[in-house]
file upload_16.cif (mmCIF, C-alpha atoms)
data_start
#
loop_
_atom_site.group_PDB
_atom_site.id
_atom_site.type_symbol
_atom_site.label_atom_id
_atom_site.label_comp_id
_atom_site.auth_asym_id
_atom_site.auth_seq_id
_atom_site.Cartn_x
_atom_site.Cartn_y
_atom_site.Cartn_z
ATOM 1 C CA MET A 1 -19.108 -93.107 -166.568
ATOM 2 C CA SER A 2 -16.664 -95.268 -164.693
ATOM 3 C CA ASP A 3 -17.658 -98.684 -163.463
ATOM 4 C CA ARG A 4 -17.484 -97.360 -159.908
ATOM 5 C CA ILE A 5 -20.143 -94.764 -160.698
ATOM 6 C CA ASP A 6 -22.220 -97.159 -162.820
ATOM 7 C CA ASN A 7 -22.531 -99.706 -160.026
ATOM 8 C CA LEU A 8 -24.005 -98.515 -156.763
ATOM 9 C CA THR A 9 -25.420 -99.870 -153.515
ATOM 10 C CA GLY A 10 -28.623 -98.341 -152.249
ATOM 11 C CA THR A 11 -31.555 -98.805 -149.895
ATOM 12 C CA ILE A 12 -35.080 -99.031 -151.287
ATOM 13 C CA ILE A 13 -36.999 -96.167 -149.672
ATOM 14 C CA ALA A 14 -40.294 -96.421 -151.583
ATOM 15 C CA ALA A 15 -42.219 -98.895 -153.698
ATOM 16 C CA HIS A 16 -45.252 -98.406 -155.894
ATOM 17 C CA GLY A 17 -46.222 -101.273 -158.165
ATOM 18 C CA ARG A 18 -43.067 -102.244 -160.050
ATOM 19 C CA HIS A 19 -41.432 -98.864 -159.553
ATOM 20 C CA TYR A 20 -38.940 -98.282 -156.758
ATOM 21 C CA LEU A 21 -36.944 -95.404 -155.350
ATOM 22 C CA ALA A 22 -33.488 -96.102 -153.961
ATOM 23 C CA ASP A 23 -31.306 -93.938 -151.753
ATOM 24 C CA ALA A 24 -27.666 -94.392 -152.763
ATOM 25 C CA ASN A 25 -25.604 -92.312 -150.340
ATOM 26 C CA GLY A 26 -28.155 -89.500 -150.427
ATOM 27 C CA GLU A 27 -28.779 -89.691 -154.162
ATOM 28 C CA LYS A 28 -32.341 -90.698 -155.127
ATOM 29 C CA LEU A 29 -32.605 -93.056 -158.088
ATOM 30 C CA GLN A 30 -35.738 -94.358 -159.806
ATOM 31 C CA CYS A 31 -35.341 -98.110 -160.159
ATOM 32 C CA VAL A 32 -36.868 -101.043 -161.963
ATOM 33 C CA THR A 33 -36.119 -104.746 -161.763
ATOM 34 C CA ARG A 34 -34.885 -106.864 -164.635
ATOM 35 C CA GLY A 35 -37.775 -108.718 -166.249
ATOM 36 C CA LYS A 36 -41.018 -109.033 -164.339
ATOM 37 C CA LYS A 37 -39.595 -109.800 -160.907
ATOM 38 C CA THR A 38 -41.295 -107.835 -158.145
ATOM 39 C CA ASN A 39 -39.684 -109.417 -155.098
ATOM 40 C CA VAL A 40 -38.181 -106.146 -153.873
ATOM 41 C CA ALA A 41 -39.286 -104.637 -150.556
ATOM 42 C CA VAL A 42 -38.836 -101.257 -148.919
ATOM 43 C CA GLY A 43 -35.806 -101.570 -146.666
ATOM 44 C CA ASP A 44 -33.967 -103.869 -149.058
ATOM 45 C CA VAL A 45 -30.307 -103.143 -149.676
ATOM 46 C CA VAL A 46 -29.823 -103.480 -153.426
ATOM 47 C CA PHE A 47 -26.991 -103.490 -155.939
ATOM 48 C CA LEU A 48 -27.764 -101.084 -158.771
ATOM 49 C CA LYS A 49 -26.567 -100.424 -162.284
ATOM 50 C CA ARG A 50 -27.128 -96.833 -163.304
ATOM 51 C CA THR A 51 -28.898 -96.353 -166.633
ATOM 52 C CA SER A 52 -29.147 -92.532 -166.609
ATOM 53 C CA SER A 53 -28.489 -89.636 -164.259
ATOM 54 C CA ASP A 54 -31.491 -90.467 -162.064
ATOM 55 C CA GLN A 55 -32.398 -94.040 -163.032
ATOM 56 C CA ALA A 56 -31.013 -97.490 -162.374
ATOM 57 C CA VAL A 57 -31.737 -101.189 -162.695
ATOM 58 C CA ILE A 58 -31.787 -103.415 -159.620
ATOM 59 C CA GLU A 59 -29.240 -106.131 -160.319
ATOM 60 C CA LYS A 60 -29.369 -107.996 -157.031
ATOM 61 C CA ILE A 61 -30.916 -107.858 -153.555
ATOM 62 C CA ALA A 62 -28.513 -108.226 -150.634
ATOM 63 C CA ASP A 63 -29.196 -110.938 -148.053
ATOM 64 C CA ARG A 64 -32.007 -109.876 -145.717
ATOM 65 C CA THR A 65 -31.977 -110.071 -141.938
ATOM 66 C CA THR A 66 -35.805 -110.128 -141.821
ATOM 67 C CA LEU A 67 -38.749 -109.984 -144.212
ATOM 68 C CA LEU A 68 -42.273 -109.016 -143.201
ATOM 69 C CA TYR A 69 -45.097 -109.812 -145.561
ATOM 70 C CA ARG A 70 -48.749 -110.662 -145.716
ATOM 71 C CA SER A 71 -50.504 -113.069 -148.034
ATOM 72 C CA ASP A 72 -53.916 -114.150 -149.180
ATOM 73 C CA GLN A 73 -55.038 -117.328 -150.902
ATOM 74 C CA TYR A 74 -53.419 -116.381 -154.201
ATOM 75 C CA LYS A 75 -50.417 -114.134 -153.686
ATOM 76 C CA SER A 76 -48.147 -112.482 -151.145
ATOM 77 C CA LYS A 77 -47.353 -108.794 -150.601
ATOM 78 C CA LEU A 78 -43.992 -107.741 -149.218
ATOM 79 C CA LEU A 79 -44.253 -105.087 -146.505
ATOM 80 C CA ALA A 80 -40.654 -104.431 -145.509
ATOM 81 C CA ALA A 81 -37.188 -105.965 -145.306
ATOM 82 C CA ASN A 82 -34.383 -105.768 -142.751
ATOM 83 C CA ILE A 83 -36.558 -104.379 -139.971
ATOM 84 C CA SER A 84 -35.815 -105.050 -136.315
ATOM 85 C CA ARG A 85 -38.927 -103.572 -134.649
ATOM 86 C CA LEU A 86 -42.614 -103.525 -135.511
ATOM 87 C CA PHE A 87 -44.868 -100.867 -133.960
ATOM 88 C CA ILE A 88 -48.603 -101.539 -134.134
ATOM 89 C CA VAL A 89 -50.498 -98.277 -133.705
ATOM 90 C CA VAL A 90 -53.903 -98.589 -132.016
ATOM 91 C CA ALA A 91 -56.067 -95.896 -130.437
ATOM 92 C CA THR A 92 -58.762 -95.276 -127.872
ATOM 93 C CA GLU A 93 -61.010 -94.229 -130.753
ATOM 94 C CA PRO A 94 -61.957 -95.353 -133.288
ATOM 95 C CA SER A 95 -61.987 -98.838 -131.820
ATOM 96 C CA PHE A 96 -59.174 -101.075 -133.075
ATOM 97 C CA ALA A 97 -59.501 -104.605 -134.418
ATOM 98 C CA ASP A 98 -57.988 -107.273 -132.165
ATOM 99 C CA ASP A 99 -57.828 -109.618 -135.149
ATOM 100 C CA LEU A 100 -55.482 -107.259 -136.987
ATOM 101 C CA VAL A 101 -53.321 -106.683 -133.903
ATOM 102 C CA SER A 102 -52.952 -110.404 -133.224
ATOM 103 C CA ARG A 103 -52.225 -111.190 -136.859
ATOM 104 C CA SER A 104 -49.527 -108.509 -136.891
ATOM 105 C CA LEU A 105 -47.977 -109.964 -133.738
ATOM 106 C CA VAL A 106 -48.013 -113.463 -135.228
ATOM 107 C CA ALA A 107 -46.350 -112.142 -138.395
ATOM 108 C CA ALA A 108 -43.659 -110.433 -136.310
ATOM 109 C CA GLU A 109 -42.976 -113.579 -134.275
ATOM 110 C CA ALA A 110 -42.740 -115.701 -137.418
ATOM 111 C CA ALA A 111 -40.311 -113.222 -138.981
ATOM 112 C CA GLY A 112 -38.159 -112.808 -135.871
ATOM 113 C CA ILE A 113 -39.064 -109.133 -135.383
ATOM 114 C CA GLU A 114 -39.546 -107.496 -131.977
ATOM 115 C CA ALA A 115 -43.108 -106.176 -131.653
ATOM 116 C CA HIS A 116 -44.398 -103.179 -129.698
ATOM 117 C CA ILE A 117 -47.870 -101.664 -129.388
ATOM 118 C CA ILE A 118 -48.539 -97.933 -129.319
ATOM 119 C CA LEU A 119 -51.822 -96.924 -127.680
ATOM 120 C CA ASN A 120 -52.501 -93.475 -129.123
ATOM 121 C CA LYS A 121 -55.086 -90.817 -128.181
ATOM 122 C CA VAL A 122 -54.944 -91.550 -124.438
ATOM 123 C CA ASP A 123 -56.183 -87.989 -123.861
ATOM 124 C CA VAL A 124 -59.643 -89.174 -124.968
ATOM 125 C CA GLU A 125 -60.847 -90.268 -121.541
ATOM 126 C CA GLU A 126 -64.193 -91.981 -122.074
ATOM 127 C CA PRO A 127 -62.931 -95.001 -124.091
ATOM 128 C CA LEU A 128 -59.506 -95.103 -122.394
ATOM 129 C CA ALA A 129 -60.265 -97.725 -119.729
ATOM 130 C CA ARG A 130 -61.671 -100.170 -122.280
ATOM 131 C CA ALA A 131 -58.779 -99.586 -124.683
ATOM 132 C CA ARG A 132 -56.275 -100.170 -121.866
ATOM 133 C CA GLU A 133 -58.042 -103.373 -120.908
ATOM 134 C CA ARG A 134 -57.887 -104.666 -124.473
ATOM 135 C CA ALA A 135 -54.245 -103.647 -124.892
ATOM 136 C CA GLY A 136 -53.535 -105.312 -121.549
ATOM 137 C CA LEU A 137 -54.031 -108.737 -123.139
ATOM 138 C CA TYR A 138 -50.980 -108.124 -125.329
ATOM 139 C CA ALA A 139 -48.993 -106.642 -122.456
ATOM 140 C CA SER A 140 -49.670 -109.843 -120.491
ATOM 141 C CA LEU A 141 -48.072 -111.789 -123.356
ATOM 142 C CA GLY A 142 -44.895 -109.736 -123.000
ATOM 143 C CA TYR A 143 -45.433 -107.150 -125.727
ATOM 144 C CA PRO A 144 -44.598 -103.617 -124.531
ATOM 145 C CA VAL A 145 -47.521 -101.169 -124.711
ATOM 146 C CA HIS A 146 -46.600 -97.488 -124.940
ATOM 147 C CA GLU A 147 -49.314 -94.968 -124.091
ATOM 148 C CA LEU A 148 -49.184 -91.537 -125.691
ATOM 149 C CA SER A 149 -51.140 -88.821 -127.467
ATOM 150 C CA ALA A 150 -49.661 -87.505 -130.711
ATOM 151 C CA ARG A 151 -52.019 -84.535 -130.845
ATOM 152 C CA ALA A 152 -52.495 -83.520 -127.201
ATOM 153 C CA ARG A 153 -48.981 -84.269 -125.898
ATOM 154 C CA PRO A 154 -46.663 -84.344 -128.934
ATOM 155 C CA GLU A 155 -43.416 -83.653 -127.049
ATOM 156 C CA GLN A 156 -44.069 -86.512 -124.631
ATOM 157 C CA ALA A 157 -44.863 -88.790 -127.578
ATOM 158 C CA VAL A 158 -41.502 -88.014 -129.187
ATOM 159 C CA GLU A 159 -39.687 -88.511 -125.863
ATOM 160 C CA THR A 160 -41.364 -91.904 -125.472
ATOM 161 C CA LEU A 161 -40.639 -93.183 -128.946
ATOM 162 C CA MET A 162 -37.220 -91.798 -129.898
ATOM 163 C CA PRO A 163 -35.231 -94.055 -127.499
ATOM 164 C CA LEU A 164 -37.145 -97.066 -128.854
ATOM 165 C CA LEU A 165 -36.314 -96.121 -132.449
ATOM 166 C CA ALA A 166 -32.620 -95.293 -131.952
ATOM 167 C CA GLY A 167 -30.373 -97.791 -133.691
ATOM 168 C CA GLN A 168 -33.362 -99.703 -135.049
ATOM 169 C CA SER A 169 -35.000 -100.227 -138.425
ATOM 170 C CA SER A 170 -38.667 -99.931 -137.531
ATOM 171 C CA ILE A 171 -42.010 -100.223 -139.300
ATOM 172 C CA PHE A 172 -45.275 -98.584 -138.202
ATOM 173 C CA ILE A 173 -48.476 -100.374 -139.159
ATOM 174 C CA GLY A 174 -52.108 -99.899 -138.217
ATOM 175 C CA GLN A 175 -55.624 -99.357 -139.387
ATOM 176 C CA SER A 176 -56.670 -96.028 -140.842
ATOM 177 C CA GLY A 177 -57.715 -93.518 -138.196
ATOM 178 C CA MET A 178 -55.335 -94.650 -135.441
ATOM 179 C CA GLY A 179 -53.084 -91.600 -135.780
ATOM 180 C CA LYS A 180 -50.141 -93.301 -137.442
ATOM 181 C CA SER A 181 -49.570 -90.402 -139.860
ATOM 182 C CA SER A 182 -49.599 -87.907 -136.981
ATOM 183 C CA LEU A 183 -46.893 -89.912 -135.226
ATOM 184 C CA ILE A 184 -44.745 -90.162 -138.355
ATOM 185 C CA ASN A 185 -45.016 -86.393 -138.878
ATOM 186 C CA LEU A 186 -43.894 -85.805 -135.293
ATOM 187 C CA LEU A 187 -40.891 -88.097 -135.617
ATOM 188 C CA VAL A 188 -39.948 -87.007 -139.137
ATOM 189 C CA PRO A 189 -40.704 -83.273 -139.445
ATOM 190 C CA ASP A 190 -40.060 -83.262 -143.208
ATOM 191 C CA ALA A 191 -42.205 -86.340 -143.874
ATOM 192 C CA ASP A 192 -44.777 -84.451 -145.948
ATOM 193 C CA ILE A 193 -42.082 -82.941 -148.146
ATOM 194 C CA ALA A 194 -40.441 -86.337 -148.550
ATOM 195 C CA VAL A 195 -43.762 -87.910 -149.565
ATOM 196 C CA ARG A 196 -44.267 -85.270 -152.255
ATOM 197 C CA GLU A 197 -40.750 -85.829 -153.598
ATOM 198 C CA ILE A 198 -41.204 -89.596 -153.608
ATOM 199 C CA SER A 199 -44.611 -89.274 -155.241
ATOM 200 C CA GLU A 200 -43.137 -87.169 -158.034
ATOM 201 C CA ALA A 201 -40.177 -89.499 -158.487
ATOM 202 C CA LEU A 202 -42.418 -92.561 -158.705
ATOM 203 C CA ASP A 203 -44.941 -90.649 -160.801
ATOM 204 C CA THR A 204 -47.763 -91.658 -158.469
ATOM 205 C CA GLY A 205 -49.431 -88.261 -158.669
ATOM 206 C CA LYS A 206 -51.958 -87.726 -155.919
ATOM 207 C CA HIS A 207 -51.785 -91.309 -154.637
ATOM 208 C CA THR A 208 -49.351 -90.316 -151.928
ATOM 209 C CA THR A 209 -50.783 -92.628 -149.289
ATOM 210 C CA THR A 210 -50.798 -95.825 -151.323
ATOM 211 C CA PHE A 211 -47.142 -96.691 -151.134
ATOM 212 C CA THR A 212 -44.797 -97.853 -148.397
ATOM 213 C CA ARG A 213 -41.863 -95.543 -147.724
ATOM 214 C CA LEU A 214 -38.769 -95.343 -145.530
ATOM 215 C CA TYR A 215 -37.574 -92.266 -143.658
ATOM 216 C CA TRP A 216 -34.179 -91.799 -142.052
ATOM 217 C CA LEU A 217 -34.617 -90.448 -138.552
ATOM 218 C CA PRO A 218 -33.016 -86.992 -138.288
ATOM 219 C CA ASP A 219 -32.040 -86.888 -134.617
ATOM 220 C CA VAL A 220 -30.490 -90.334 -134.524
ATOM 221 C CA SER A 221 -29.070 -90.458 -138.045
ATOM 222 C CA SER A 222 -25.615 -91.377 -136.765
ATOM 223 C CA SER A 223 -27.037 -94.743 -135.732
ATOM 224 C CA GLY A 224 -28.677 -95.277 -139.121
ATOM 225 C CA ALA A 225 -32.141 -95.469 -137.595
ATOM 226 C CA SER A 226 -35.101 -95.534 -139.935
ATOM 227 C CA ILE A 227 -38.897 -95.746 -139.899
ATOM 228 C CA ILE A 228 -40.957 -97.444 -142.563
ATOM 229 C CA ASP A 229 -44.506 -96.163 -142.896
ATOM 230 C CA SER A 230 -46.953 -98.571 -144.512
ATOM 231 C CA PRO A 231 -50.406 -97.684 -145.850
ATOM 232 C CA GLY A 232 -53.271 -98.382 -143.465
ATOM 233 C CA PHE A 233 -54.866 -101.756 -144.114
ATOM 234 C CA GLN A 234 -57.827 -103.597 -142.672
ATOM 235 C CA GLU A 235 -56.678 -107.182 -143.327
ATOM 236 C CA PHE A 236 -53.471 -109.059 -142.610
ATOM 237 C CA GLY A 237 -53.500 -112.431 -144.339
ATOM 238 C CA LEU A 238 -50.993 -115.037 -143.159
ATOM 239 C CA TYR A 239 -51.674 -117.848 -145.583
ATOM 240 C CA HIS A 240 -47.918 -118.440 -145.994
ATOM 241 C CA LEU A 241 -47.370 -119.630 -142.425
ATOM 242 C CA THR A 242 -47.160 -123.397 -141.918
ATOM 243 C CA GLU A 243 -48.621 -125.309 -138.965
ATOM 244 C CA GLY A 244 -45.273 -125.442 -137.217
ATOM 245 C CA MET A 245 -44.635 -121.743 -137.746
ATOM 246 C CA LEU A 246 -48.087 -120.840 -136.452
ATOM 247 C CA GLU A 247 -47.944 -122.759 -133.185
ATOM 248 C CA ARG A 248 -44.561 -121.201 -132.394
ATOM 249 C CA ALA A 249 -45.746 -117.691 -133.357
ATOM 250 C CA PHE A 250 -48.333 -117.664 -130.555
ATOM 251 C CA VAL A 251 -45.991 -116.901 -127.656
ATOM 252 C CA GLU A 252 -48.448 -118.110 -125.014
ATOM 253 C CA PHE A 253 -48.468 -121.615 -126.588
ATOM 254 C CA LYS A 254 -44.741 -122.133 -126.017
ATOM 255 C CA PRO A 255 -44.884 -123.488 -122.440
ATOM 256 C CA TYR A 256 -47.342 -126.179 -123.574
ATOM 257 C CA LEU A 257 -45.808 -127.313 -126.863
ATOM 258 C CA GLY A 258 -44.492 -130.834 -126.479
ATOM 259 C CA GLY A 259 -46.902 -131.528 -123.631
ATOM 260 C CA CYS A 260 -49.709 -132.943 -125.763
ATOM 261 C CA LYS A 261 -50.565 -136.647 -125.873
ATOM 262 C CA TYR A 262 -49.970 -136.834 -129.632
ATOM 263 C CA TYR A 263 -46.718 -135.603 -131.128
ATOM 264 C CA ASN A 264 -48.524 -134.256 -134.212
ATOM 265 C CA CYS A 265 -51.280 -132.536 -132.229
ATOM 266 C CA ARG A 266 -52.844 -129.586 -134.057
ATOM 267 C CA HIS A 267 -54.331 -128.109 -130.842
ATOM 268 C CA LEU A 268 -57.841 -128.001 -132.279
ATOM 269 C CA ALA A 269 -59.927 -130.873 -130.877
ATOM 270 C CA GLU A 270 -57.442 -133.606 -129.961
ATOM 271 C CA PRO A 271 -57.743 -135.390 -126.594
ATOM 272 C CA SER A 272 -55.190 -134.586 -123.893
ATOM 273 C CA CYS A 273 -53.975 -131.470 -125.703
ATOM 274 C CA ALA A 274 -51.898 -129.275 -123.397
ATOM 275 C CA VAL A 275 -52.761 -126.122 -125.350
ATOM 276 C CA LEU A 276 -56.515 -126.778 -125.226
ATOM 277 C CA GLY A 277 -56.176 -127.511 -121.521
ATOM 278 C CA ALA A 278 -54.543 -124.112 -121.031
ATOM 279 C CA VAL A 279 -57.400 -122.473 -122.944
ATOM 280 C CA GLU A 280 -59.957 -124.168 -120.670
ATOM 281 C CA GLU A 281 -58.046 -123.019 -117.587
ATOM 282 C CA GLY A 282 -57.961 -119.438 -118.840
ATOM 283 C CA LYS A 283 -54.177 -119.409 -119.283
ATOM 284 C CA ILE A 284 -54.583 -118.820 -123.013
ATOM 285 C CA ALA A 285 -57.205 -116.316 -124.208
ATOM 286 C CA LYS A 286 -60.003 -117.980 -126.190
ATOM 287 C CA MET A 287 -59.894 -115.149 -128.710
ATOM 288 C CA ARG A 288 -56.254 -115.897 -129.476
ATOM 289 C CA HIS A 289 -56.852 -119.641 -129.812
ATOM 290 C CA GLN A 290 -59.777 -118.971 -132.156
ATOM 291 C CA LEU A 291 -57.475 -116.886 -134.338
ATOM 292 C CA TYR A 292 -54.909 -119.712 -134.327
ATOM 293 C CA ALA A 293 -57.607 -122.105 -135.580
ATOM 294 C CA GLN A 294 -58.617 -119.609 -138.271
ATOM 295 C CA LEU A 295 -55.005 -119.148 -139.420
ATOM 296 C CA LEU A 296 -54.514 -122.899 -139.512
ATOM 297 C CA HIS A 297 -57.548 -123.148 -141.789
ATOM 298 C CA GLU A 298 -56.233 -120.351 -144.006
ATOM 299 C CA SER A 299 -52.818 -121.957 -144.376
ATOM 300 C CA SER A 300 -54.476 -125.053 -145.825
ATOM 301 C CA GLN A 301 -56.180 -122.962 -148.538
ATOM 302 C CA THR A 302 -53.065 -121.599 -150.219
ATOM 303 C CA LEU A 303 -53.031 -121.892 -153.995
ATOM 304 C CA TYR A 304 -49.661 -120.350 -154.858
#

call {"tool": "encode", "arguments": {"input": "upload_16.cif", "output": "structure tokens"}}
result
Amino acid sequence: MSDRIDNLTGTIIAAHGRHYLADANGEKLQCVTRGKKTNVAVGDVVFLKRTSSDQAVIEKIADRTTLLYRSDQYKSKLLAANISRLFIVVATEPSFADDLVSRSLVAAEAAGIEAHIILNKVDVEEPLARARERAGLYASLGYPVHELSARARPEQAVETLMPLLAGQSSIFIGQSGMGKSSLINLLVPDADIAVREISEALDTGKHTTTFTRLYWLPDVSSSGASIIDSPGFQEFGLYHLTEGMLERAFVEFKPYLGGCKYYNCRHLAEPSCAVLGAVEEGKIAKMRHQLYAQLLHESSQTLY
């Protein structure tokens, strides 16, 4: 093989453990990293050295525009690289967790990623008013909330989302049961086939839902738009965020930062704290401030 064929550039479209699948101009290659490095994320642009007809080694990761990841006390888990929009899928039923939504929004702010919320299953009328009220908190912070029903009104759902996805590298996240898979299948008609192919290539067998994967959007392929689908998760640890990153990642804190009596105010119990004053006046939701305090505590527990 010539050096030109040996050395390729590709996009990581799936990750499972230390095994990756790259798309190099339409050619799918099974990839591994050199040594024990596992710092590769779906969405990464990588430089590859081919080792066989369908396999390659990842030599280098190109500079990233963004990196979204979650972390616990001991380690971090990369979710996706080079994404421009995050879509958090919630639903009228089952009830969604505000903690997970807020943590996802904080992660997006810290990573410089534009966040949107999708309220799915709006055809289910009984819990709709309450779900709208809860989603309204995030809308009041400036995050767009898009109402739709993947099952009852699929065409409308596609019409709502496609303009938001065009020209973007997006990731869909959410708890299990919110209808995320239904939305992905609407937007990417061959998603199920692609999952089977990826599963076979990564040798994951029946564990088709346990890996993150990237799909190119068919109708807007000329703009290079893509969707990354991540497995449903119930927790979103943010132990890696520092104090300074956290206070700036709560968008409603911004008007009050710099207005505290003490320059190193942590906005927890300090006197003459502008943020705490805003909480007392109802300008900042108590639930959000409580999460900030929890995240601040978590960030002090990091062991890695």

call {"tool": "atom_distance", "arguments": {"input": "upload_16.cif", "atom1": "atom CA of Ile198 of chain A", "atom2": "atom CA of Ser230 of chain A"}}
result
14.0 Å

call {"tool": "closest_residue", "arguments": {"input": "upload_16.cif", "among": "A:Ile173, A:Ala269, A:Val45, A:Val57", "to": "Gly232 of chain A", "atoms": "only C-alpha atoms"}}
result
A:Ile173

call {"tool": "closest_residue", "arguments": {"input": "upload_16.cif", "among": "A:Val106, A:Tyr263, A:Ala91, A:Asn7", "to": "Ser52 of chain A", "atoms": "only C-alpha atoms"}}
result
A:Asn7

call {"tool": "closest_residue", "arguments": {"input": "upload_16.cif", "among": "A:Glu59, A:Arg64, A:Arg70, A:Ala115", "to": "Leu86 of chain A", "atoms": "all atoms listed in the file"}}
result
A:Ala115

call {"tool": "atom_distance", "arguments": {"input": "upload_16.cif", "atom1": "atom CA of Gln175 of chain A", "atom2": "atom CA of Ala97 of chain A"}}
result
8.2 Å

call {"tool": "closest_residue", "arguments": {"input": "upload_16.cif", "among": "A:Ile12, A:Val89, A:Val251, A:Leu238", "to": "Ser182 of chain A", "atoms": "all atoms listed in the file"}}
result
A:Val89

call {"tool": "resolve_selection", "arguments": {"input": "upload_16.cif", "expression": "the PyMOL selection byres ((chain A and resi 289-294) around 12)", "output": "ChimeraX atom specification"}}
result
/A:98-106,237-239,241-253,266-269,275-280,282-288,295-301

call {"tool": "write_last_selection", "arguments": {"input": "upload_16.cif", "atoms": "C-alpha atoms", "output": "PDB file, in the coordinates of the input"}}
result
ATOM      1  CA  ASP A  98     -57.988-107.273-132.165  1.00  0.00           C
ATOM      2  CA  ASP A  99     -57.828-109.618-135.149  1.00  0.00           C
ATOM      3  CA  LEU A 100     -55.482-107.259-136.987  1.00  0.00           C
ATOM      4  CA  VAL A 101     -53.321-106.683-133.903  1.00  0.00           C
ATOM      5  CA  SER A 102     -52.952-110.404-133.224  1.00  0.00           C
ATOM      6  CA  ARG A 103     -52.225-111.190-136.859  1.00  0.00           C
ATOM      7  CA  SER A 104     -49.527-108.509-136.891  1.00  0.00           C
ATOM      8  CA  LEU A 105     -47.977-109.964-133.738  1.00  0.00           C
ATOM      9  CA  VAL A 106     -48.013-113.463-135.228  1.00  0.00           C
ATOM     10  CA  GLY A 237     -53.500-112.431-144.339  1.00  0.00           C
ATOM     11  CA  LEU A 238     -50.993-115.037-143.159  1.00  0.00           C
ATOM     12  CA  TYR A 239     -51.674-117.848-145.583  1.00  0.00           C
ATOM     13  CA  LEU A 241     -47.370-119.630-142.425  1.00  0.00           C
ATOM     14  CA  THR A 242     -47.160-123.397-141.918  1.00  0.00           C
ATOM     15  CA  GLU A 243     -48.621-125.309-138.965  1.00  0.00           C
ATOM     16  CA  GLY A 244     -45.273-125.442-137.217  1.00  0.00           C
ATOM     17  CA  MET A 245     -44.635-121.743-137.746  1.00  0.00           C
ATOM     18  CA  LEU A 246     -48.087-120.840-136.452  1.00  0.00           C
ATOM     19  CA  GLU A 247     -47.944-122.759-133.185  1.00  0.00           C
ATOM     20  CA  ARG A 248     -44.561-121.201-132.394  1.00  0.00           C
ATOM     21  CA  ALA A 249     -45.746-117.691-133.357  1.00  0.00           C
ATOM     22  CA  PHE A 250     -48.333-117.664-130.555  1.00  0.00           C
ATOM     23  CA  VAL A 251     -45.991-116.901-127.656  1.00  0.00           C
ATOM     24  CA  GLU A 252     -48.448-118.110-125.014  1.00  0.00           C
ATOM     25  CA  PHE A 253     -48.468-121.615-126.588  1.00  0.00           C
ATOM     26  CA  ARG A 266     -52.844-129.586-134.057  1.00  0.00           C
ATOM     27  CA  HIS A 267     -54.331-128.109-130.842  1.00  0.00           C
ATOM     28  CA  LEU A 268     -57.841-128.001-132.279  1.00  0.00           C
ATOM     29  CA  ALA A 269     -59.927-130.873-130.877  1.00  0.00           C
ATOM     30  CA  VAL A 275     -52.761-126.122-125.350  1.00  0.00           C
ATOM     31  CA  LEU A 276     -56.515-126.778-125.226  1.00  0.00           C
ATOM     32  CA  GLY A 277     -56.176-127.511-121.521  1.00  0.00           C
ATOM     33  CA  ALA A 278     -54.543-124.112-121.031  1.00  0.00           C
ATOM     34  CA  VAL A 279     -57.400-122.473-122.944  1.00  0.00           C
ATOM     35  CA  GLU A 280     -59.957-124.168-120.670  1.00  0.00           C
ATOM     36  CA  GLY A 282     -57.961-119.438-118.840  1.00  0.00           C
ATOM     37  CA  LYS A 283     -54.177-119.409-119.283  1.00  0.00           C
ATOM     38  CA  ILE A 284     -54.583-118.820-123.013  1.00  0.00           C
ATOM     39  CA  ALA A 285     -57.205-116.316-124.208  1.00  0.00           C
ATOM     40  CA  LYS A 286     -60.003-117.980-126.190  1.00  0.00           C
ATOM     41  CA  MET A 287     -59.894-115.149-128.710  1.00  0.00           C
ATOM     42  CA  ARG A 288     -56.254-115.897-129.476  1.00  0.00           C
ATOM     43  CA  LEU A 295     -55.005-119.148-139.420  1.00  0.00           C
ATOM     44  CA  LEU A 296     -54.514-122.899-139.512  1.00  0.00           C
ATOM     45  CA  HIS A 297     -57.548-123.148-141.789  1.00  0.00           C
ATOM     46  CA  GLU A 298     -56.233-120.351-144.006  1.00  0.00           C
ATOM     47  CA  SER A 299     -52.818-121.957-144.376  1.00  0.00           C
ATOM     48  CA  SER A 300     -54.476-125.053-145.825  1.00  0.00           C
ATOM     49  CA  GLN A 301     -56.180-122.962-148.538  1.00  0.00           C
TER      50      GLN A 301
END

call {"tool": "axis_aligned_box", "arguments": {"input": "upload_16.cif", "around": "segment 66-75 of chain A", "padding_each_side": "3 Å", "output": "AutoDock Vina command-line options"}}
result
--center_x -45.4 --center_y -113.2 --center_z -148.0 --size_x 25.2 --size_y 14.3 --size_z 18.4

call {"tool": "resolve_selection", "arguments": {"input": "upload_16.cif", "expression": "the PyMOL selection byres ((chain A and resi 224-228) around 6)", "output": "MDAnalysis selection string"}}
result
chainID A and resid 166:171 213:217 221:223 229

call {"tool": "resolve_selection", "arguments": {"input": "upload_16.cif", "expression": "the PyMOL selection byres ((chain A and resi 131) around 10)", "output": "count of residues only"}}
result
19

call {"tool": "atom_distance", "arguments": {"input": "upload_16.cif", "atom1": "atom CA of Ser176 of chain A", "atom2": "atom CA of Phe233 of chain A"}}
result
6.8 Å

call {"tool": "residues_near_point", "arguments": {"input": "upload_16.cif", "point": "(-42.6, -104.3, -148.1)", "cutoff": "9 Å", "atoms": "only C-alpha atoms", "output": "ChimeraX atom specification"}}
result
/A:14-15,40-44,67-69,77-81,212-213,228,230
